[in-house]
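Structure file input-v3.txt (compact mmCIF, C-alpha atoms) follows.
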```txt
# COMPACT_ATOMS: atom_id res chain seq x y z
CA MET M 30 122.50 -77.84 -34.52
CA ALA M 31 121.31 -81.47 -34.74
CA PRO M 32 118.36 -81.10 -32.28
CA ALA M 33 117.10 -78.02 -34.15
CA THR M 34 117.33 -79.88 -37.46
CA LEU M 35 115.53 -82.88 -35.95
CA GLU M 36 112.71 -80.64 -34.71
CA ARG M 37 112.28 -78.91 -38.07
CA ALA M 38 112.38 -82.19 -39.97
CA THR M 39 109.90 -83.94 -37.68
CA LEU M 40 107.39 -81.09 -37.84
CA ALA M 41 107.80 -80.74 -41.60
CA TYR M 42 107.24 -84.44 -42.27
CA ASP M 43 104.29 -84.51 -39.85
CA GLN M 44 102.67 -81.59 -41.67
CA SER M 45 103.28 -83.23 -45.04
CA VAL M 46 101.73 -86.55 -44.01
CA THR M 47 98.70 -84.79 -42.48
CA ASP M 48 98.20 -82.75 -45.66
CA LEU M 49 98.57 -85.89 -47.78
CA THR M 50 95.88 -87.77 -45.84
CA SER M 51 93.55 -84.77 -45.90
CA ARG M 52 93.90 -84.36 -49.65
CA GLN M 53 93.33 -88.08 -50.16
CA LEU M 54 90.09 -87.87 -48.20
CA LEU M 55 88.97 -84.96 -50.38
CA LEU M 56 90.06 -86.81 -53.50
CA ASN M 57 88.07 -89.91 -52.56
CA ILE M 58 84.96 -87.85 -51.88
CA ALA M 59 85.44 -86.42 -55.38
CA ARG M 60 85.90 -89.96 -56.75
CA ALA M 61 82.67 -91.03 -55.07
CA HIS M 62 80.96 -87.99 -56.58
CA GLN M 63 82.19 -88.98 -60.05
CA HIS M 64 81.37 -92.68 -59.46
CA LEU M 65 85.03 -93.72 -59.56
CA PRO M 66 86.79 -96.36 -57.41
CA ILE M 67 87.96 -95.29 -53.96
CA HIS M 68 91.63 -95.88 -53.17
CA PHE M 69 94.10 -94.83 -50.47
CA THR M 70 97.89 -94.78 -50.27
CA GLY M 71 99.79 -94.37 -47.03
CA VAL M 72 103.30 -93.35 -45.98
CA ALA M 73 104.67 -96.45 -44.26
CA ASN M 74 108.13 -95.20 -43.31
CA ILE M 75 110.32 -92.09 -43.49
CA ALA M 76 114.09 -92.48 -43.12
CA ALA M 77 115.79 -89.11 -43.34
CA SER M 78 119.59 -89.10 -43.01
CA TYR M 79 121.36 -85.81 -42.29
CA ASN M 80 125.11 -85.41 -42.84
CA PHE M 81 126.83 -82.42 -41.26
CA GLN M 82 130.31 -81.43 -42.53
CA PHE M 83 132.68 -78.81 -41.11
CA SER M 84 136.04 -77.60 -42.47
CA ALA M 85 138.63 -75.04 -41.33
CA GLY M 86 141.80 -73.58 -42.86
CA ALA M 87 143.82 -70.45 -43.40
CA THR M 88 144.80 -68.27 -46.35
CA PRO M 89 147.20 -65.31 -46.74
CA ALA M 90 145.68 -61.92 -46.22
CA LEU M 91 145.40 -59.52 -49.17
CA THR M 92 148.18 -57.21 -47.91
CA GLY M 93 150.59 -57.21 -50.87
CA SER M 94 153.99 -58.84 -51.24
CA SER M 95 155.25 -57.60 -47.86
CA GLY M 96 152.45 -59.04 -45.80
CA THR M 97 152.69 -62.33 -43.88
CA ALA M 98 149.31 -62.36 -42.01
CA LEU M 99 147.00 -65.36 -42.35
CA VAL M 100 143.19 -65.24 -42.39
CA PRO M 101 141.19 -68.24 -41.06
CA VAL M 102 138.62 -69.81 -43.38
CA PHE M 103 135.69 -71.86 -42.11
CA GLY M 104 133.12 -73.90 -44.04
CA ALA M 105 130.04 -75.96 -43.13
CA GLY M 106 127.41 -77.90 -45.00
CA VAL M 107 124.47 -80.18 -44.41
CA GLY M 108 122.99 -82.78 -46.70
CA GLU M 109 119.60 -84.51 -46.45
CA ASN M 110 118.87 -87.89 -47.98
CA PRO M 111 115.25 -88.86 -47.19
CA THR M 112 113.85 -92.28 -48.06
CA ILE M 113 110.04 -92.37 -48.03
CA SER M 114 108.16 -95.67 -48.32
CA ILE M 115 104.67 -95.41 -49.85
CA VAL M 116 102.31 -98.36 -49.51
CA PRO M 117 98.94 -98.78 -51.29
CA MET M 118 96.16 -99.58 -48.82
CA GLU M 119 94.54 -102.57 -50.44
CA GLY M 120 93.86 -106.24 -49.93
CA GLU M 121 91.14 -108.15 -48.12
CA GLU M 122 91.86 -106.88 -44.60
CA PHE M 123 91.74 -103.19 -45.50
CA THR M 124 88.72 -103.68 -47.77
CA LYS M 125 86.83 -105.39 -44.95
CA ARG M 126 87.62 -102.47 -42.64
CA LEU M 127 86.49 -100.04 -45.32
CA LEU M 128 83.19 -101.87 -45.90
CA ALA M 129 82.44 -102.99 -42.33
CA PRO M 130 79.87 -100.86 -40.48
CA PHE M 131 81.08 -98.73 -37.60
CA SER M 132 80.56 -100.28 -34.18
CA GLU M 133 78.71 -98.63 -31.31
CA THR M 134 81.99 -98.49 -29.35
CA LYS M 135 83.52 -96.11 -31.93
CA LEU M 136 80.44 -93.89 -31.82
CA ILE M 137 80.48 -93.70 -28.02
CA MET M 138 84.26 -93.14 -27.93
CA LEU M 139 83.81 -90.03 -30.07
CA LEU M 140 80.79 -88.82 -28.10
CA ARG M 141 82.90 -88.96 -24.95
CA GLN M 142 85.38 -86.62 -26.63
CA GLY M 143 82.62 -84.00 -26.85
CA VAL M 144 81.73 -84.41 -30.54
CA ASP M 145 78.33 -82.94 -31.47
CA VAL M 146 75.89 -85.87 -31.53
CA ASP M 147 74.05 -84.27 -34.47
CA LEU M 148 77.22 -84.10 -36.57
CA LEU M 149 78.36 -87.55 -35.49
CA LEU M 150 75.12 -89.35 -36.34
CA ARG M 151 74.64 -87.49 -39.61
CA LEU M 152 78.04 -88.78 -40.69
CA MET M 153 78.08 -92.25 -39.11
CA ALA M 154 74.43 -93.42 -39.11
CA SER M 155 72.54 -94.73 -42.12
CA GLU M 156 69.06 -94.89 -40.57
CA PHE M 157 66.93 -94.73 -37.43
CA ARG M 158 64.42 -97.46 -36.57
CA PRO M 159 61.79 -96.66 -33.93
CA ASP M 160 60.85 -99.43 -31.49
CA GLY M 161 57.55 -101.18 -32.09
CA GLU M 162 57.56 -100.30 -35.79
CA GLU M 163 59.86 -102.87 -37.33
CA SER M 164 58.73 -102.10 -40.86
CA ILE M 165 59.60 -98.38 -40.55
CA SER M 166 63.09 -96.98 -41.15
CA PHE M 167 64.03 -93.32 -41.37
CA HIS M 168 66.93 -93.34 -43.83
CA ASN M 169 69.68 -90.75 -43.70
CA LEU M 170 69.39 -90.22 -47.46
CA PRO M 171 68.13 -86.95 -48.96
CA ALA M 172 66.36 -88.92 -51.72
CA ASP M 173 64.04 -90.36 -49.05
CA HIS M 174 62.49 -87.00 -48.21
CA GLU M 175 60.15 -88.16 -45.45
CA GLY M 176 62.67 -90.54 -43.87
CA TYR M 177 65.59 -88.10 -44.13
CA SER M 178 63.57 -85.27 -42.57
CA GLN M 179 62.49 -87.46 -39.65
CA PHE M 180 66.05 -88.76 -39.17
CA ARG M 181 67.30 -85.17 -38.98
CA ARG M 182 64.60 -84.27 -36.45
CA VAL M 183 65.57 -87.18 -34.20
CA VAL M 184 69.29 -86.28 -34.16
CA LEU M 185 68.43 -82.60 -33.65
CA HIS M 186 66.36 -83.58 -30.63
CA LEU M 187 69.33 -85.49 -29.20
CA SER M 188 71.54 -82.48 -29.92
CA SER M 189 69.22 -80.20 -27.97
CA ILE M 190 69.55 -82.52 -24.96
CA GLN M 191 73.33 -82.61 -25.37
CA ASP M 192 73.40 -78.78 -25.48
CA ARG M 193 71.91 -78.87 -21.98
CA ASN M 194 74.52 -81.43 -20.80
CA ARG M 195 71.83 -83.99 -20.07
CA LEU M 196 72.57 -86.59 -22.73
CA TYR M 197 73.94 -89.86 -21.33
CA PHE M 198 75.75 -92.57 -23.29
CA GLU M 199 76.74 -95.18 -20.75
CA PRO M 200 76.97 -98.98 -20.64
CA LEU M 201 74.18 -100.73 -18.76
CA ASN M 202 76.01 -102.08 -15.71
CA PHE M 203 74.27 -104.73 -13.66
CA GLU M 204 74.94 -107.80 -11.54
CA HIS M 205 74.31 -111.15 -13.18
CA ARG M 206 73.30 -113.83 -10.65
CA TRP M 207 72.87 -117.58 -10.91
CA THR M 208 72.98 -120.66 -8.66
CA LEU M 209 74.66 -124.04 -8.76
CA PRO M 210 73.52 -127.07 -6.70
CA ALA M 211 76.03 -127.82 -3.94
CA ASP M 212 75.73 -131.58 -4.44
CA GLY M 213 77.54 -131.40 -7.78
CA VAL M 214 80.06 -128.66 -6.94
CA LYS M 215 82.79 -128.67 -4.30
CA ALA M 216 84.46 -125.61 -2.82
CA GLU M 217 87.80 -126.45 -4.39
CA ASP M 218 86.11 -126.54 -7.80
CA LEU M 219 85.41 -122.81 -7.46
CA LYS M 220 88.97 -121.73 -6.68
CA ASP M 221 89.81 -121.10 -10.32
CA LEU M 222 86.87 -118.80 -10.98
CA PRO M 223 87.76 -115.46 -12.61
CA PRO M 224 88.21 -112.65 -10.04
CA GLU M 225 85.09 -110.82 -11.28
CA ILE M 226 82.89 -113.75 -10.18
CA THR M 227 81.94 -114.06 -6.49
CA ALA M 228 80.65 -117.35 -5.05
CA ASP M 229 78.80 -117.68 -1.71
CA TYR M 230 77.50 -120.87 -0.19
CA ASP M 231 73.87 -120.95 0.99
CA ALA M 232 73.73 -123.74 3.61
CA GLN M 233 69.97 -123.51 4.01
CA GLU M 234 69.24 -123.95 0.31
CA ARG M 235 72.37 -126.10 -0.27
CA VAL M 236 73.37 -124.09 -3.36
CA TRP M 237 76.24 -121.91 -4.48
CA ARG M 238 75.15 -118.37 -5.34
CA LEU M 239 77.37 -116.78 -7.99
CA ARG M 240 77.49 -113.08 -8.86
CA LYS M 241 79.28 -111.22 -11.65
CA ARG M 242 79.37 -107.52 -12.51
CA VAL M 243 78.53 -107.07 -16.18
CA SER M 244 79.19 -104.02 -18.34
CA GLY M 245 76.44 -104.41 -20.91
CA ARG M 246 75.39 -102.69 -24.12
CA ILE M 247 75.47 -98.93 -24.42
CA LEU M 248 72.27 -96.89 -24.29
CA ILE M 249 71.85 -93.23 -25.23
CA THR M 250 69.42 -91.66 -22.77
CA ASN M 251 68.18 -88.39 -21.26
CA TYR M 252 68.49 -89.84 -17.74
CA ASP M 253 71.23 -91.51 -15.71
CA PRO M 254 70.98 -95.29 -16.28
CA GLY M 255 72.58 -95.76 -12.85
CA SER M 256 69.36 -94.49 -11.27
CA LEU M 257 67.46 -97.54 -12.56
CA SER M 258 67.11 -100.78 -10.63
CA GLU M 259 69.40 -103.74 -11.35
CA ASP M 260 66.52 -105.64 -12.94
CA GLU M 261 65.60 -102.71 -15.19
CA ARG M 262 69.19 -102.26 -16.37
CA GLN M 263 69.48 -105.96 -17.10
CA ARG M 264 66.17 -105.93 -18.99
CA LEU M 265 67.29 -102.97 -21.11
CA HIS M 266 70.61 -104.69 -21.79
CA GLU M 267 68.86 -107.85 -22.96
CA LEU M 268 66.71 -105.79 -25.32
CA ALA M 269 69.72 -103.88 -26.69
CA ASP M 270 71.79 -107.05 -26.94
CA ARG M 271 69.43 -108.36 -29.59
CA ASN M 272 70.89 -105.72 -31.90
CA PRO M 273 74.12 -106.30 -33.84
CA PRO M 274 77.28 -104.36 -32.82
CA ASP M 275 76.65 -101.74 -35.54
CA GLU M 276 73.41 -100.58 -33.90
CA VAL M 277 73.09 -98.28 -30.90
CA ALA M 278 69.87 -97.99 -28.90
CA ILE M 279 68.34 -94.77 -27.54
CA ASP M 280 65.73 -94.29 -24.83
CA ILE M 281 64.44 -90.73 -24.40
CA ARG M 282 61.84 -90.74 -21.61
CA SER M 283 59.24 -88.26 -20.51
CA GLY M 284 59.90 -86.51 -17.22
CA TYR M 285 63.51 -85.71 -18.13
CA PRO M 286 65.13 -83.02 -20.33
CA GLY M 287 63.83 -83.48 -23.87
CA GLY M 288 61.06 -85.72 -22.59
CA ALA M 289 58.36 -83.70 -24.34
CA TRP M 290 59.14 -85.99 -27.30
CA PRO M 291 59.78 -89.52 -25.96
CA ILE M 292 61.83 -91.55 -28.45
CA ARG M 293 62.85 -95.19 -28.33
CA GLY M 294 64.63 -97.01 -31.10
CA ARG M 295 68.04 -97.65 -32.56
CA PHE M 296 70.46 -96.13 -35.03
CA ARG M 297 72.08 -98.38 -37.61
CA LEU M 298 75.62 -97.28 -38.40
CA ARG M 299 77.13 -97.17 -41.88
CA SER M 300 80.65 -98.05 -43.06
CA PHE M 301 83.43 -95.59 -43.84
CA HIS M 302 83.00 -96.43 -47.53
CA ASN M 303 79.30 -95.52 -47.33
CA ALA M 304 80.16 -92.31 -45.46
CA LEU M 305 82.41 -91.24 -48.36
CA ASN M 306 79.69 -92.13 -50.87
CA PHE M 307 77.14 -90.14 -48.87
CA LEU M 308 79.40 -87.08 -48.91
CA GLY M 309 80.22 -87.58 -52.60
CA ARG M 310 76.57 -87.73 -53.62
CA GLY M 311 75.93 -84.66 -51.50
CA VAL M 312 78.17 -82.51 -53.71
CA ALA M 313 75.45 -82.20 -56.36
CA GLU M 314 73.69 -85.46 -57.20
CA GLU M 315 71.83 -85.89 -53.90
CA SER M 316 72.28 -82.63 -52.03
CA GLU M 317 71.05 -82.19 -48.48
CA TYR M 318 68.49 -79.53 -47.67
CA PRO M 319 67.29 -77.60 -44.59
CA VAL M 320 65.20 -79.46 -42.02
CA GLU M 321 63.57 -77.64 -39.12
CA PRO M 322 63.47 -79.27 -35.66
CA ASP M 323 60.35 -80.96 -34.38
CA PRO M 324 58.03 -78.50 -32.57
CA ARG M 325 58.68 -80.42 -29.32
CA THR M 326 62.45 -79.89 -29.60
CA PRO M 327 64.01 -77.03 -27.60
CA PRO M 328 66.26 -74.58 -29.50
CA VAL M 329 69.50 -76.07 -30.83
CA ARG M 330 72.82 -74.28 -31.32
CA GLU M 331 73.62 -75.45 -34.85
CA ASN M 332 71.52 -76.90 -37.62
CA PRO M 333 73.50 -76.55 -40.87
CA MET M 334 72.04 -77.75 -44.12
CA SER M 335 74.94 -80.06 -45.07
CA THR M 336 76.84 -82.64 -43.05
CA LEU M 337 80.00 -81.47 -44.86
CA ALA M 338 79.63 -78.66 -47.39
CA LEU M 339 82.04 -79.00 -50.31
CA LEU M 340 82.99 -76.69 -53.18
CA GLU M 341 83.14 -77.89 -56.77
CA SER M 342 84.55 -75.48 -59.37
CA ASP M 343 86.37 -75.21 -62.70
CA SER M 344 89.27 -73.27 -61.17
CA GLU M 345 91.29 -73.66 -58.00
CA PRO M 346 89.38 -71.97 -55.15
CA ASP M 347 90.93 -69.35 -52.88
CA GLY M 348 90.80 -69.18 -49.11
CA VAL M 349 90.51 -72.94 -48.48
CA ASP M 350 92.67 -75.29 -46.39
CA TRP M 351 93.16 -77.86 -49.17
CA SER M 352 91.90 -78.45 -52.67
CA VAL M 353 92.26 -81.34 -55.12
CA ASN M 354 91.79 -81.65 -58.86
CA LEU M 355 90.01 -84.59 -60.46
CA ASN M 356 89.25 -84.71 -64.17
CA GLY M 357 89.45 -80.94 -64.50
CA ARG M 358 87.23 -80.17 -61.49
CA TYR M 359 88.46 -78.72 -58.20
CA TYR M 360 87.08 -79.79 -54.82
CA ALA M 361 87.54 -78.23 -51.38
CA VAL M 362 85.86 -77.96 -47.99
CA ARG M 363 83.67 -74.87 -48.13
CA PRO M 364 85.02 -72.09 -45.87
CA GLU M 365 82.60 -70.59 -43.37
CA LYS M 366 82.20 -67.88 -40.78
CA GLY M 367 81.28 -68.33 -37.14
CA TYR M 368 81.12 -71.88 -35.75
CA PRO M 369 83.51 -74.04 -37.84
CA TRP M 370 81.02 -76.85 -38.56
CA ASN M 371 82.67 -77.88 -41.85
CA ARG M 372 86.14 -78.01 -40.31
CA GLU M 373 84.80 -80.08 -37.42
CA ALA M 374 83.07 -82.42 -39.87
CA PHE M 375 86.25 -82.88 -41.90
CA ARG M 376 88.30 -83.39 -38.73
CA LEU M 377 85.81 -86.05 -37.64
CA LEU M 378 86.08 -87.74 -41.04
CA TYR M 379 89.88 -87.74 -40.61
CA GLN M 380 89.53 -89.40 -37.19
CA LEU M 381 87.13 -92.02 -38.54
CA PHE M 382 89.61 -92.83 -41.29
CA GLN M 383 92.38 -93.29 -38.72
CA MET M 384 90.08 -95.65 -36.79
CA THR M 385 89.35 -97.59 -39.98
CA MET M 386 92.74 -98.02 -41.65
CA THR M 387 95.07 -100.92 -40.86
CA GLU M 388 98.55 -100.64 -39.45
CA LEU M 389 100.90 -100.08 -42.37
CA PRO M 390 103.93 -102.37 -42.70
CA ARG M 391 107.17 -100.87 -41.43
CA LEU M 392 110.55 -101.49 -43.04
CA GLY M 393 112.52 -101.46 -39.78
CA ALA M 394 114.50 -98.33 -40.63
CA PRO M 395 114.70 -95.51 -38.07
CA ALA M 396 112.33 -92.63 -38.68
CA ILE M 397 115.05 -89.95 -38.72
CA THR M 398 118.81 -90.43 -38.40
CA ILE M 399 121.38 -87.66 -38.07
CA SER M 400 125.08 -88.26 -38.59
CA LYS M 401 127.99 -85.89 -38.06
```

Is it possible to give me this structure as structure tokens?
Amino acid sequence: MAPATLERATLAYDQSVTDLTSRQLLLNIARAHQHLPIHFTGVANIAASYNFQFSAGATPALTGSSGTALVPVFGAGVGENPTISIVPMEGEEFTKRLLAPFSETKLIMLLRQGVDVDLLLRLMASEFRPDGEESISFHNLPADHEGYSQFRRVVLHLSSIQDRNRLYFEPLNFEHRWTLPADGVKAEDLKDLPPEITADYDAQERVWRLRKRVSGRILITNYDPGSLSEDERQRLHELADRNPPDEVAIDIRSGYPGGAWPIRGRFRLRSFHNALNFLGRGVAEESEYPVEPDPRTPPVRENPMSTLALLESDSEPDGVDWSVNLNGRYYAVRPEKGYPWNREAFRLLYQLFQMTMTELPRLGAPAITISK
């Protein structure tokens, strides 16, 4: 009986915590929409104790005064005593994580899981800056009509390349080489070099030639970066390395899929806090609108109007996964038919939150204990 109880309890608590986090995400989008402070609370620990009791006995049968038969009596019971620790997510460390821009490594990690690049950049990126035009930024803000439209066209173009399985997002690997004069360096001095560094002695030139494989910055391309020469990969890395960690470079070249519109530039990523504000403003104050692809872009599979379409109503909506109430208004992810874009967007938001939040303090108690 104990294993079955453990299974039911674990699944029930898991479902409850998932629902709690999902509703909190919805609630904070609603708070952003109503210009209220954003706040999260997490479940730090669940200690559920189960006590099983069993009893047995006997009682005389109802056979009258002449009967002497006994009837067995059995009894069983189970009691649950859960202790749930709830911790507010606050303080300097969590606030820094909430306000810090996403890094390119998080973007690429999600791309490698097969996330739609259009959806990912619409949620994570704040703007696109084309190379050679430092004063121009295409902001991912509906209020900037020209910039927002061009931003959408760029990510749609990348999505069309991804639909054809020809979008690459790989680090620029190359071999870094340098020399040291042999007069000032002895062989024993090089014994403690890290294993990734190789040293060869050139007797003719009387120098040590050192080599190291480097995994450089990530570049989003429509060609395989491995097909480039070592010098070209190193040059591209040096250009990309001028950007901070919250920017990711793209290089769409002619002669490859999607090359009818060559694009070079970089996306600047936003923070999780800004992503919530973007979605909150999109409820009504700064709604997104349809943007058609550039004429040079091949057909794309999906091009929804909103990054994440939300419902706002006076009454609790039907047919939704979750809904929350804030100041008399109900909010929910808008249901849809066909491709579940909104569900994918909300799932992505959930994953980004998990990548943003800090590890909650644990109280040292076991998660679930069962006693007999």

Quiz item: If you count all atoms listed in the file, which residues fall within 9 Å of Leu136 of chain M, apart from same-chain ones fewer than 2 positions away, as JSON, numbers by chain?
Solution: {"M": [131, 132, 133, 134, 138, 139, 140, 141, 149, 150, 153, 277, 298]}

Practice problem: Choose the residue, out of M:Pro346, M:Gly294, M:Tyr318, M:Ala338, that has the smallest atom-to-atom separation from Ile165 of chain M; count only C-alpha atoms. | Solution: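 Result for the nearest residue to Ile165 of chain M: M:Gly294.
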
Exercise. Using all atoms listed in the file, pick whichever of M:His302, M:Arg52, M:Arg37, M:Arg372 has the shortest atom-to-atom distance to Asn354 of chain M.
Key: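 Comparing M:His302, M:Arg52, M:Arg37, M:Arg372 against Asn354 of chain M, the winner is M:Arg52.
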
Quiz prompt | Test item: residues at most 7 Å from Phe203 of chain M, all atoms listed in the file, excluding those fewer than 5 positions along its chain, as a list in words | solution =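 Listing them by chain and then by number gives Arg242, Val243, Ser244, Glu259, Arg262 and Gln263 of chain M.
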
Quiz item: Skipping near chain neighbours, those fewer than 2 positions away, what residues fall within 8 Å of Pro327 of chain M using only C-alpha atoms, listed as a PyMOL selection string?
Solution: chain M and resi 186+189+287+324-325+329
